[in-house]
$ cat structure.cif   # mmCIF, C-alpha atoms and all ligand atoms
data_query
loop_
_atom_site.group_PDB
_atom_site.id
_atom_site.type_symbol
_atom_site.label_atom_id
_atom_site.label_comp_id
_atom_site.auth_asym_id
_atom_site.auth_seq_id
_atom_site.Cartn_x
_atom_site.Cartn_y
_atom_site.Cartn_z
ATOM 1 C CA MET A 1 54.875 184.385 132.437
ATOM 2 C CA PRO A 2 52.513 182.428 134.759
ATOM 3 C CA SER A 3 48.802 182.967 134.087
ATOM 4 C CA PRO A 4 47.101 185.347 136.538
ATOM 5 C CA LEU A 5 43.907 183.270 136.324
ATOM 6 C CA HIS A 6 43.203 180.552 138.894
ATOM 7 C CA VAL A 7 40.222 178.350 139.681
ATOM 8 C CA LEU A 8 39.432 177.198 143.223
ATOM 9 C CA GLN A 9 36.628 175.261 144.840
ATOM 10 C CA ALA A 10 36.141 177.097 148.130
ATOM 11 C CA ASP A 11 33.993 179.277 150.346
ATOM 12 C CA ILE A 12 34.908 182.760 149.115
ATOM 13 C CA THR A 13 34.657 184.208 152.635
ATOM 14 C CA THR A 14 37.767 182.252 153.662
ATOM 15 C CA LEU A 15 40.099 183.605 150.959
ATOM 16 C CA LYS A 16 43.052 185.795 151.902
ATOM 17 C CA VAL A 17 43.005 188.075 148.886
ATOM 18 C CA ASP A 18 42.910 191.860 148.593
ATOM 19 C CA ALA A 19 39.326 191.852 147.341
ATOM 20 C CA ILE A 20 36.446 189.419 147.091
ATOM 21 C CA VAL A 21 33.446 190.109 144.891
ATOM 22 C CA ASN A 22 29.901 189.757 146.193
ATOM 23 C CA ALA A 23 27.020 188.717 143.924
ATOM 24 C CA ALA A 24 24.604 191.153 145.522
ATOM 25 C CA ASN A 25 21.165 192.525 144.655
ATOM 26 C CA SER A 26 20.500 196.164 143.805
ATOM 27 C CA SER A 27 19.560 197.085 147.384
ATOM 28 C CA LEU A 28 23.040 196.057 148.622
ATOM 29 C CA LEU A 29 21.352 195.215 151.921
ATOM 30 C CA GLY A 30 22.109 191.499 151.946
ATOM 31 C CA GLY A 31 20.306 188.377 150.787
ATOM 32 C CA GLY A 32 20.878 184.645 150.424
ATOM 33 C CA GLY A 33 23.596 182.642 148.657
ATOM 34 C CA VAL A 34 27.067 184.107 148.573
ATOM 35 C CA ASP A 35 25.695 187.522 149.615
ATOM 36 C CA GLY A 36 24.311 186.068 152.842
ATOM 37 C CA ALA A 37 27.547 184.181 153.518
ATOM 38 C CA ILE A 38 29.640 187.343 153.031
ATOM 39 C CA HIS A 39 27.436 189.457 155.325
ATOM 40 C CA ARG A 40 27.495 186.761 158.031
ATOM 41 C CA ALA A 41 31.260 186.394 157.878
ATOM 42 C CA ALA A 42 32.055 190.114 157.610
ATOM 43 C CA GLY A 43 29.773 191.069 160.522
ATOM 44 C CA PRO A 44 27.152 193.779 161.060
ATOM 45 C CA GLU A 45 29.478 196.711 160.269
ATOM 46 C CA LEU A 46 29.261 195.676 156.618
ATOM 47 C CA LEU A 47 25.514 196.300 156.522
ATOM 48 C CA GLN A 48 26.048 199.707 158.121
ATOM 49 C CA GLU A 49 28.456 200.715 155.356
ATOM 50 C CA CYS A 50 26.189 199.226 152.665
ATOM 51 C CA ARG A 51 23.279 201.351 153.868
ATOM 52 C CA LEU A 52 25.272 204.462 152.920
ATOM 53 C CA LEU A 53 25.847 203.364 149.311
ATOM 54 C CA ASN A 54 22.349 204.006 147.901
ATOM 55 C CA GLY A 55 22.189 200.630 146.203
ATOM 56 C CA CYS A 56 23.831 199.577 142.963
ATOM 57 C CA LYS A 57 22.582 199.175 139.397
ATOM 58 C CA VAL A 58 22.824 195.906 137.487
ATOM 59 C CA GLY A 59 26.290 195.636 135.914
ATOM 60 C CA GLU A 60 27.861 198.204 138.245
ATOM 61 C CA ALA A 61 30.070 197.688 141.305
ATOM 62 C CA LYS A 62 30.664 199.400 144.654
ATOM 63 C CA LEU A 63 33.424 198.830 147.196
ATOM 64 C CA THR A 64 33.350 198.449 150.968
ATOM 65 C CA LYS A 65 35.849 197.366 153.575
ATOM 66 C CA GLY A 66 36.122 193.647 154.368
ATOM 67 C CA TYR A 67 35.602 194.016 158.142
ATOM 68 C CA ARG A 68 35.980 190.548 159.765
ATOM 69 C CA LEU A 69 36.916 188.836 156.506
ATOM 70 C CA PRO A 70 40.514 187.987 155.651
ATOM 71 C CA ALA A 71 39.952 190.039 152.471
ATOM 72 C CA LYS A 72 40.676 193.770 152.733
ATOM 73 C CA PHE A 73 37.844 194.861 150.427
ATOM 74 C CA ILE A 74 34.476 193.580 149.272
ATOM 75 C CA ILE A 75 33.325 194.625 145.822
ATOM 76 C CA HIS A 76 29.557 194.386 145.559
ATOM 77 C CA THR A 77 28.261 193.892 142.049
ATOM 78 C CA VAL A 78 24.767 193.123 140.818
ATOM 79 C CA GLY A 79 24.476 190.488 138.128
ATOM 80 C CA PRO A 80 21.571 190.257 135.691
ATOM 81 C CA VAL A 81 18.642 187.912 136.246
ATOM 82 C CA TRP A 82 18.581 185.352 133.428
ATOM 83 C CA HIS A 83 15.524 185.818 131.185
ATOM 84 C CA GLY A 84 16.647 183.560 128.329
ATOM 85 C CA GLY A 85 19.484 185.714 126.978
ATOM 86 C CA LYS A 86 17.622 188.377 125.006
ATOM 87 C CA ARG A 87 17.574 191.108 127.628
ATOM 88 C CA ASN A 88 21.216 192.149 127.383
ATOM 89 C CA GLU A 89 22.210 189.664 130.073
ATOM 90 C CA ALA A 90 25.619 188.896 128.507
ATOM 91 C CA ASP A 91 26.686 192.570 128.318
ATOM 92 C CA LEU A 92 25.465 193.247 131.828
ATOM 93 C CA LEU A 93 27.337 190.243 133.216
ATOM 94 C CA ALA A 94 30.518 191.302 131.379
ATOM 95 C CA SER A 95 30.118 194.784 132.927
ATOM 96 C CA CYS A 96 30.042 193.208 136.399
ATOM 97 C CA TYR A 97 33.458 191.629 135.823
ATOM 98 C CA ARG A 98 34.947 194.711 134.120
ATOM 99 C CA ASN A 99 33.692 197.211 136.698
ATOM 100 C CA SER A 100 34.722 194.988 139.618
ATOM 101 C CA LEU A 101 38.267 194.689 138.249
ATOM 102 C CA GLN A 102 38.458 198.431 137.638
ATOM 103 C CA ILE A 103 37.339 199.407 141.123
ATOM 104 C CA ALA A 104 39.709 196.819 142.631
ATOM 105 C CA ALA A 105 42.621 198.240 140.619
ATOM 106 C CA SER A 106 41.717 201.803 141.578
ATOM 107 C CA HIS A 107 42.145 200.756 145.234
ATOM 108 C CA GLY A 108 45.516 199.140 144.548
ATOM 109 C CA ALA A 109 44.352 195.532 144.858
ATOM 110 C CA HIS A 110 46.754 192.883 143.568
ATOM 111 C CA SER A 111 44.499 189.865 144.031
ATOM 112 C CA ILE A 112 40.757 189.441 143.577
ATOM 113 C CA ALA A 113 38.342 186.508 143.824
ATOM 114 C CA PHE A 114 35.016 186.238 142.006
ATOM 115 C CA PRO A 115 32.095 183.930 142.764
ATOM 116 C CA CYS A 116 30.017 182.596 139.836
ATOM 117 C CA ILE A 117 27.926 185.779 139.564
ATOM 118 C CA SER A 118 24.242 185.349 138.573
ATOM 119 C CA THR A 119 24.440 181.542 138.336
ATOM 120 C CA GLY A 120 22.573 180.792 141.572
ATOM 121 C CA VAL A 121 19.224 182.404 142.396
ATOM 122 C CA TYR A 122 19.483 184.593 139.269
ATOM 123 C CA GLY A 123 19.490 181.493 137.026
ATOM 124 C CA TYR A 124 22.250 182.301 134.494
ATOM 125 C CA PRO A 125 23.448 179.036 132.875
ATOM 126 C CA VAL A 126 26.879 178.364 134.342
ATOM 127 C CA GLU A 127 28.649 177.453 131.073
ATOM 128 C CA LEU A 128 27.557 180.698 129.425
ATOM 129 C CA ALA A 129 28.352 182.771 132.498
ATOM 130 C CA ALA A 130 31.804 181.171 132.870
ATOM 131 C CA GLN A 131 32.680 181.973 129.249
ATOM 132 C CA ILE A 132 31.817 185.618 129.812
ATOM 133 C CA ALA A 133 33.750 185.670 133.087
ATOM 134 C CA VAL A 134 36.963 184.252 131.601
ATOM 135 C CA THR A 135 36.794 186.273 128.359
ATOM 136 C CA THR A 136 36.058 189.559 130.114
ATOM 137 C CA VAL A 137 38.780 189.103 132.740
ATOM 138 C CA ASN A 138 41.295 188.205 130.023
ATOM 139 C CA SER A 139 40.445 191.247 127.929
ATOM 140 C CA THR A 140 40.358 193.689 130.889
ATOM 141 C CA LEU A 141 43.525 192.650 132.749
ATOM 142 C CA PRO A 142 46.061 194.063 130.259
ATOM 143 C CA GLN A 143 44.732 197.571 131.046
ATOM 144 C CA LEU A 144 45.139 197.102 134.813
ATOM 145 C CA ASP A 145 48.742 196.879 135.982
ATOM 146 C CA SER A 146 48.101 196.331 139.685
ATOM 147 C CA ILE A 147 46.081 193.106 139.400
ATOM 148 C CA ARG A 148 48.326 190.046 139.422
ATOM 149 C CA GLU A 149 45.945 187.299 140.498
ATOM 150 C CA VAL A 150 42.299 186.609 139.646
ATOM 151 C CA ILE A 151 40.608 183.644 141.315
ATOM 152 C CA PHE A 152 37.362 182.155 140.073
ATOM 153 C CA CYS A 153 36.000 180.803 143.340
ATOM 154 C CA CYS A 154 33.530 178.015 142.630
ATOM 155 C CA PHE A 155 31.296 176.558 145.321
ATOM 156 C CA SER A 156 30.466 173.274 143.579
ATOM 157 C CA ALA A 157 32.677 170.645 141.975
ATOM 158 C CA SER A 158 30.682 170.899 138.737
ATOM 159 C CA ASP A 159 31.222 174.686 138.488
ATOM 160 C CA PHE A 160 34.912 174.134 139.226
ATOM 161 C CA ALA A 161 35.171 171.698 136.297
ATOM 162 C CA VAL A 162 33.485 174.162 133.906
ATOM 163 C CA TYR A 163 35.852 176.998 134.849
ATOM 164 C CA GLN A 164 38.980 174.857 134.925
ATOM 165 C CA LYS A 165 38.367 173.726 131.354
ATOM 166 C CA LEU A 166 37.915 177.304 130.126
ATOM 167 C CA VAL A 167 40.911 178.687 132.003
ATOM 168 C CA ASP A 168 43.122 175.854 130.719
ATOM 169 C CA ALA A 169 41.930 176.489 127.162
ATOM 170 C CA ALA A 170 42.566 180.240 127.494
ATOM 171 C CA ALA A 171 46.153 179.564 128.636
ATOM 172 C CA GLU A 172 47.025 177.434 125.598
HETATM 173 N N1 LIG B 201 31.433 181.028 148.418
HETATM 174 C C1 LIG B 201 31.513 180.958 147.073
HETATM 175 N N2 LIG B 201 30.436 180.794 146.282
HETATM 176 C C2 LIG B 201 29.235 180.677 146.882
HETATM 177 C C3 LIG B 201 29.065 180.731 148.287
HETATM 178 C C4 LIG B 201 30.233 180.914 149.074
HETATM 179 N N3 LIG B 201 30.191 180.999 150.396
HETATM 180 N N4 LIG B 201 27.729 180.583 148.554
HETATM 181 C C5 LIG B 201 27.089 180.439 147.382
HETATM 182 N N5 LIG B 201 27.993 180.474 146.367
HETATM 183 P P1 LIG B 201 23.905 183.329 144.322
HETATM 184 P P2 LIG B 201 23.184 185.193 142.141
HETATM 185 C C6 LIG B 201 27.783 180.380 144.918
HETATM 186 O O1 LIG B 201 22.516 182.792 144.333
HETATM 187 O O2 LIG B 201 22.720 184.084 141.269
HETATM 188 C C7 LIG B 201 21.291 186.704 146.744
HETATM 189 O O3 LIG B 201 20.171 186.518 147.529
HETATM 190 C C8 LIG B 201 26.556 179.675 144.410
HETATM 191 O O4 LIG B 201 26.724 178.260 144.493
HETATM 192 O O5 LIG B 201 24.568 183.639 145.616
HETATM 193 O O6 LIG B 201 24.022 186.282 141.547
HETATM 194 C C9 LIG B 201 21.547 188.165 146.409
HETATM 195 O O7 LIG B 201 21.162 189.016 147.469
HETATM 196 C C10 LIG B 201 26.518 180.168 142.979
HETATM 197 O O8 LIG B 201 27.442 179.422 142.167
HETATM 198 O O9 LIG B 201 23.972 184.721 143.456
HETATM 199 C C11 LIG B 201 20.707 188.369 145.200
HETATM 200 O O10 LIG B 201 19.378 188.643 145.518
HETATM 201 C C12 LIG B 201 27.064 181.593 143.080
HETATM 202 O O11 LIG B 201 27.636 181.692 144.387
HETATM 203 C C13 LIG B 201 20.793 187.060 144.473
HETATM 204 O O12 LIG B 201 21.063 186.081 145.472
HETATM 205 C C14 LIG B 201 26.038 182.695 142.893
HETATM 206 O O13 LIG B 201 24.803 182.314 143.473
HETATM 207 C C15 LIG B 201 21.939 187.029 143.476
HETATM 208 O O14 LIG B 201 21.871 185.835 142.735
#

$ encode --input "structure.cif" --output "structure tokens"
Amino acid sequence: MPSPLHVLQADITTLKVDAIVNAANSSLLGGGGVDGAIHRAAGPELLQECRLLNGCKVGEAKLTKGYRLPAKFIIHTVGPVWHGGKRNEADLLASCYRNSLQIAASHGAHSIAFPCISTGVYGYPVELAAQIAVTTVNSTLPQLDSIREVIFCCFSASDFAVYQKLVDAAAE
């Protein structure tokens, strides 16, 4: 069976998938990085819907429509800020991936794309974050029948290389 895991170097706002994941902050009212790019591309209706969600805790996920994006849904999750690894960052980051997949599956999504959550402004080392991303997706997918494709959408060539190596190793 072909692996459901794929790695791309792309702007996540351009992907034609059922759901893209946003690396948001707990206000869910927008910000910089991928969050800013998603709000700009989706249009102002996204902020209106986000205002009704009452924010989101670290490690949890909430779903909105995709509005002007090619993606049908946006799943907003809040990654942990990196404090050196001793403040439960790994568990919280794993929860982001698990909860995002679960909410996507509960809305019937077949394909989902993740950015490298927490590895920008929030400072999580990309190698450590990528290991958690790949391991958590691999362990969660068998419980979720609807999801057939998971894309790790990397912005930089160096992030792409990190993920590609891990995904290749996981497929062996
Ligand atoms: N497509 C894909 N990936 C992107 C894009 C894009 N268009 N733009 C940036 N990235 P960050 P965080 C990558 O900082 O660390 C926001 O202000 C980026 O290169 O967006 O979770 C929120 O509101 C990096 O690899 O998210 C929060 O306050 C990855 O996305 C805070 O930043 C994540 O970087 C969240 O910080």

$ resolve_selection --input "structure.cif" --expression "the PyMOL selection byres (((not hetatm)) within 8 of (chain B and resi 201))" --output "PyMOL selection string"
chain A and resi 9-13+23-26+28-38+78-81+115-124+126+153-156+159

$ resolve_selection --input "structure.cif" --expression "the PyMOL selection byres (((chain A and resi 134-142) around 7) and not hetatm)" --output "list of chain:residue names"
A:Ala94, A:Tyr97, A:Arg98, A:Ala130, A:Gln131, A:Ile132, A:Ala133, A:Gln143, A:Leu144, A:Asp145, A:Val167

$ closest_residue --input "structure.cif" --among "A:Asn99, A:Ser27, A:Leu128, A:Val7" --to "A:Val150" --atoms "all atoms listed in the file"
A:Val7

$ resolve_selection --input "structure.cif" --expression "the PyMOL selection byres (((chain A and resi 69) around 12) and not hetatm)" --output "number ranges by chain"
A: 11-20, 37-46, 64-68, 70-74

$ write_last_selection --input "structure.cif" --atoms "C-alpha atoms" --output "PDB file, keeping the file's coordinate frame"
ATOM      1  CA  ASP A  11      33.993 179.277 150.346  1.00  0.00           C
ATOM      2  CA  ILE A  12      34.908 182.760 149.115  1.00  0.00           C
ATOM      3  CA  THR A  13      34.657 184.208 152.635  1.00  0.00           C
ATOM      4  CA  THR A  14      37.767 182.252 153.662  1.00  0.00           C
ATOM      5  CA  LEU A  15      40.099 183.605 150.959  1.00  0.00           C
ATOM      6  CA  LYS A  16      43.052 185.795 151.902  1.00  0.00           C
ATOM      7  CA  VAL A  17      43.005 188.075 148.886  1.00  0.00           C
ATOM      8  CA  ASP A  18      42.910 191.860 148.593  1.00  0.00           C
ATOM      9  CA  ALA A  19      39.326 191.852 147.341  1.00  0.00           C
ATOM     10  CA  ILE A  20      36.446 189.419 147.091  1.00  0.00           C
ATOM     11  CA  ALA A  37      27.547 184.181 153.518  1.00  0.00           C
ATOM     12  CA  ILE A  38      29.640 187.343 153.031  1.00  0.00           C
ATOM     13  CA  HIS A  39      27.436 189.457 155.325  1.00  0.00           C
ATOM     14  CA  ARG A  40      27.495 186.761 158.031  1.00  0.00           C
ATOM     15  CA  ALA A  41      31.260 186.394 157.878  1.00  0.00           C
ATOM     16  CA  ALA A  42      32.055 190.114 157.610  1.00  0.00           C
ATOM     17  CA  GLY A  43      29.773 191.069 160.522  1.00  0.00           C
ATOM     18  CA  PRO A  44      27.152 193.779 161.060  1.00  0.00           C
ATOM     19  CA  GLU A  45      29.478 196.711 160.269  1.00  0.00           C
ATOM     20  CA  LEU A  46      29.261 195.676 156.618  1.00  0.00           C
ATOM     21  CA  THR A  64      33.350 198.449 150.968  1.00  0.00           C
ATOM     22  CA  LYS A  65      35.849 197.366 153.575  1.00  0.00           C
ATOM     23  CA  GLY A  66      36.122 193.647 154.368  1.00  0.00           C
ATOM     24  CA  TYR A  67      35.602 194.016 158.142  1.00  0.00           C
ATOM     25  CA  ARG A  68      35.980 190.548 159.765  1.00  0.00           C
ATOM     26  CA  PRO A  70      40.514 187.987 155.651  1.00  0.00           C
ATOM     27  CA  ALA A  71      39.952 190.039 152.471  1.00  0.00           C
ATOM     28  CA  LYS A  72      40.676 193.770 152.733  1.00  0.00           C
ATOM     29  CA  PHE A  73      37.844 194.861 150.427  1.00  0.00           C
ATOM     30  CA  ILE A  74      34.476 193.580 149.272  1.00  0.00           C
TER      31      ILE A  74
END

$ atom_distance --input "structure.cif" --atom1 "atom CA of A:Gly84" --atom2 "atom CA of A:Cys96"
18.4 Å

$ atom_distance --input "structure.cif" --atom1 "atom CA of A:Leu63" --atom2 "atom CA of A:Ile147"
15.9 Å

$ closest_residue --input "structure.cif" --among "A:Leu8, A:Leu101, A:Ala161, A:Leu92" --to "A:Lys62" --atoms "all atoms listed in the file"
A:Leu101

$ axis_aligned_box --input "structure.cif" --around "stretch 93-109 of chain A" --padding-each-side "3 Å" --output "JSON"
{"center_x": 36.4, "center_y": 196.0, "center_z": 138.3, "size_x": 24.2, "size_y": 17.6, "size_z": 19.9}

$ atom_distance --input "structure.cif" --atom1 "atom CA of A:His110" --atom2 "atom CA of A:Leu5"
12.4 Å

$ closest_residue --input "structure.cif" --among "A:Ser3, A:Gln48, A:Asn54, A:Ser146" --to "A:His107" --atoms "all atoms listed in the file"
A:Ser146

$ residues_near_point --input "structure.cif" --point "(44.6, 181.7, 144.4)" --cutoff "7 Å" --atoms "all atoms listed in the file" --output "list in words"
His6, Leu8, Glu149 and Ile151 of chain A

$ write_last_selection --input "structure.cif" --atoms "C-alpha atoms" --output "PDB file, in the coordinates of the input"
ATOM      1  CA  HIS A   6      43.203 180.552 138.894  1.00  0.00           C
ATOM      2  CA  LEU A   8      39.432 177.198 143.223  1.00  0.00           C
ATOM      3  CA  GLU A 149      45.945 187.299 140.498  1.00  0.00           C
ATOM      4  CA  ILE A 151      40.608 183.644 141.315  1.00  0.00           C
TER       5      ILE A 151
END

$ closest_residue --input "structure.cif" --among "A:Tyr163, A:Leu47, A:Ala171, A:Arg148" --to "A:Gly108" --atoms "all atoms listed in the file"
A:Arg148

$ closest_residue --input "structure.cif" --among "A:Val58, A:Ile75, A:Ala169, A:Ala113" --to "A:Asn88" --atoms "only C-alpha atoms"
A:Val58

$ decode --input "structure.cif" --residues "stretch 9-20 of chain A" --atoms "all heavy atoms" --output "PDB file, in the first residue's frame"
ATOM      1  N   GLN A   9       7.542  21.139  -0.405  1.00  0.00           N
ATOM      2  CA  GLN A   9       8.003  22.494  -0.091  1.00  0.00           C
ATOM      3  C   GLN A   9       7.059  23.435  -0.823  1.00  0.00           C
ATOM      4  O   GLN A   9       7.039  23.478  -2.064  1.00  0.00           O
ATOM      5  CB  GLN A   9       9.449  22.712  -0.538  1.00  0.00           C
ATOM      6  CG  GLN A   9       9.980  24.047  -0.052  1.00  0.00           C
ATOM      7  CD  GLN A   9      11.387  24.351  -0.543  1.00  0.00           C
ATOM      8  OE1 GLN A   9      12.054  23.507  -1.135  1.00  0.00           O
ATOM      9  NE2 GLN A   9      11.822  25.572  -0.306  1.00  0.00           N
ATOM     10  N   ALA A  10       6.231  24.152  -0.077  1.00  0.00           N
ATOM     11  CA  ALA A  10       5.179  24.960  -0.707  1.00  0.00           C
ATOM     12  C   ALA A  10       4.629  25.982   0.276  1.00  0.00           C
ATOM     13  O   ALA A  10       4.880  25.907   1.480  1.00  0.00           O
ATOM     14  CB  ALA A  10       4.043  24.045  -1.169  1.00  0.00           C
ATOM     15  N   ASP A  11       3.842  26.907  -0.277  1.00  0.00           N
ATOM     16  CA  ASP A  11       3.029  27.811   0.529  1.00  0.00           C
ATOM     17  C   ASP A  11       1.730  27.053   0.816  1.00  0.00           C
ATOM     18  O   ASP A  11       0.988  26.705  -0.115  1.00  0.00           O
ATOM     19  CB  ASP A  11       2.772  29.080  -0.295  1.00  0.00           C
ATOM     20  CG  ASP A  11       1.807  30.034   0.372  1.00  0.00           C
ATOM     21  OD1 ASP A  11       1.168  29.683   1.374  1.00  0.00           O
ATOM     22  OD2 ASP A  11       1.694  31.169  -0.153  1.00  0.00           O
ATOM     23  N   ILE A  12       1.449  26.817   2.073  1.00  0.00           N
ATOM     24  CA  ILE A  12       0.314  25.950   2.440  1.00  0.00           C
ATOM     25  C   ILE A  12      -1.026  26.527   1.960  1.00  0.00           C
ATOM     26  O   ILE A  12      -1.976  25.782   1.732  1.00  0.00           O
ATOM     27  CB  ILE A  12       0.311  25.687   3.970  1.00  0.00           C
ATOM     28  CG1 ILE A  12      -0.478  24.428   4.310  1.00  0.00           C
ATOM     29  CG2 ILE A  12      -0.199  26.898   4.757  1.00  0.00           C
ATOM     30  CD1 ILE A  12      -0.237  23.911   5.724  1.00  0.00           C
ATOM     31  N   THR A  13      -1.078  27.840   1.761  1.00  0.00           N
ATOM     32  CA  THR A  13      -2.349  28.450   1.342  1.00  0.00           C
ATOM     33  C   THR A  13      -2.727  28.083  -0.092  1.00  0.00           C
ATOM     34  O   THR A  13      -3.847  28.343  -0.519  1.00  0.00           O
ATOM     35  CB  THR A  13      -2.314  29.998   1.459  1.00  0.00           C
ATOM     36  OG1 THR A  13      -1.343  30.509   0.542  1.00  0.00           O
ATOM     37  CG2 THR A  13      -1.992  30.443   2.867  1.00  0.00           C
ATOM     38  N   THR A  14      -1.787  27.513  -0.838  1.00  0.00           N
ATOM     39  CA  THR A  14      -2.071  27.174  -2.243  1.00  0.00           C
ATOM     40  C   THR A  14      -2.535  25.724  -2.412  1.00  0.00           C
ATOM     41  O   THR A  14      -2.885  25.323  -3.529  1.00  0.00           O
ATOM     42  CB  THR A  14      -0.804  27.361  -3.115  1.00  0.00           C
ATOM     43  OG1 THR A  14       0.188  26.407  -2.693  1.00  0.00           O
ATOM     44  CG2 THR A  14      -0.246  28.765  -2.998  1.00  0.00           C
ATOM     45  N   LEU A  15      -2.539  24.939  -1.336  1.00  0.00           N
ATOM     46  CA  LEU A  15      -2.774  23.496  -1.497  1.00  0.00           C
ATOM     47  C   LEU A  15      -4.258  23.158  -1.607  1.00  0.00           C
ATOM     48  O   LEU A  15      -5.079  23.607  -0.802  1.00  0.00           O
ATOM     49  CB  LEU A  15      -2.152  22.732  -0.326  1.00  0.00           C
ATOM     50  CG  LEU A  15      -0.636  22.876  -0.163  1.00  0.00           C
ATOM     51  CD1 LEU A  15      -0.151  21.998   0.979  1.00  0.00           C
ATOM     52  CD2 LEU A  15       0.105  22.537  -1.449  1.00  0.00           C
ATOM     53  N   LYS A  16      -4.561  22.315  -2.591  1.00  0.00           N
ATOM     54  CA  LYS A  16      -5.939  21.853  -2.796  1.00  0.00           C
ATOM     55  C   LYS A  16      -6.148  20.559  -2.028  1.00  0.00           C
ATOM     56  O   LYS A  16      -6.087  19.464  -2.588  1.00  0.00           O
ATOM     57  CB  LYS A  16      -6.200  21.618  -4.283  1.00  0.00           C
ATOM     58  CG  LYS A  16      -6.233  22.880  -5.099  1.00  0.00           C
ATOM     59  CD  LYS A  16      -6.693  22.578  -6.529  1.00  0.00           C
ATOM     60  CE  LYS A  16      -6.683  23.800  -7.402  1.00  0.00           C
ATOM     61  NZ  LYS A  16      -5.337  24.296  -7.734  1.00  0.00           N
ATOM     62  N   VAL A  17      -6.334  20.698  -0.739  1.00  0.00           N
ATOM     63  CA  VAL A  17      -6.573  19.541   0.128  1.00  0.00           C
ATOM     64  C   VAL A  17      -7.872  19.806   0.878  1.00  0.00           C
ATOM     65  O   VAL A  17      -8.395  20.919   0.851  1.00  0.00           O
ATOM     66  CB  VAL A  17      -5.414  19.333   1.131  1.00  0.00           C
ATOM     67  CG1 VAL A  17      -4.190  18.762   0.455  1.00  0.00           C
ATOM     68  CG2 VAL A  17      -5.075  20.635   1.855  1.00  0.00           C
ATOM     69  N   ASP A  18      -8.396  18.796   1.557  1.00  0.00           N
ATOM     70  CA  ASP A  18      -9.640  19.020   2.307  1.00  0.00           C
ATOM     71  C   ASP A  18      -9.410  19.976   3.479  1.00  0.00           C
ATOM     72  O   ASP A  18     -10.264  20.801   3.771  1.00  0.00           O
ATOM     73  CB  ASP A  18     -10.195  17.685   2.816  1.00  0.00           C
ATOM     74  CG  ASP A  18     -10.657  16.810   1.667  1.00  0.00           C
ATOM     75  OD1 ASP A  18     -11.070  17.357   0.633  1.00  0.00           O
ATOM     76  OD2 ASP A  18     -10.596  15.565   1.797  1.00  0.00           O
ATOM     77  N   ALA A  19      -8.255  19.827   4.140  1.00  0.00           N
ATOM     78  CA  ALA A  19      -8.007  20.672   5.309  1.00  0.00           C
ATOM     79  C   ALA A  19      -6.540  21.087   5.366  1.00  0.00           C
ATOM     80  O   ALA A  19      -5.655  20.266   5.118  1.00  0.00           O
ATOM     81  CB  ALA A  19      -8.363  19.917   6.580  1.00  0.00           C
ATOM     82  N   ILE A  20      -6.319  22.364   5.690  1.00  0.00           N
ATOM     83  CA  ILE A  20      -4.954  22.774   6.042  1.00  0.00           C
ATOM     84  C   ILE A  20      -4.968  23.149   7.526  1.00  0.00           C
ATOM     85  O   ILE A  20      -5.986  23.579   8.066  1.00  0.00           O
ATOM     86  CB  ILE A  20      -4.399  23.941   5.200  1.00  0.00           C
ATOM     87  CG1 ILE A  20      -5.190  25.233   5.418  1.00  0.00           C
ATOM     88  CG2 ILE A  20      -4.332  23.574   3.730  1.00  0.00           C
ATOM     89  CD1 ILE A  20      -4.474  26.476   4.878  1.00  0.00           C
TER      90      ILE A  20
END
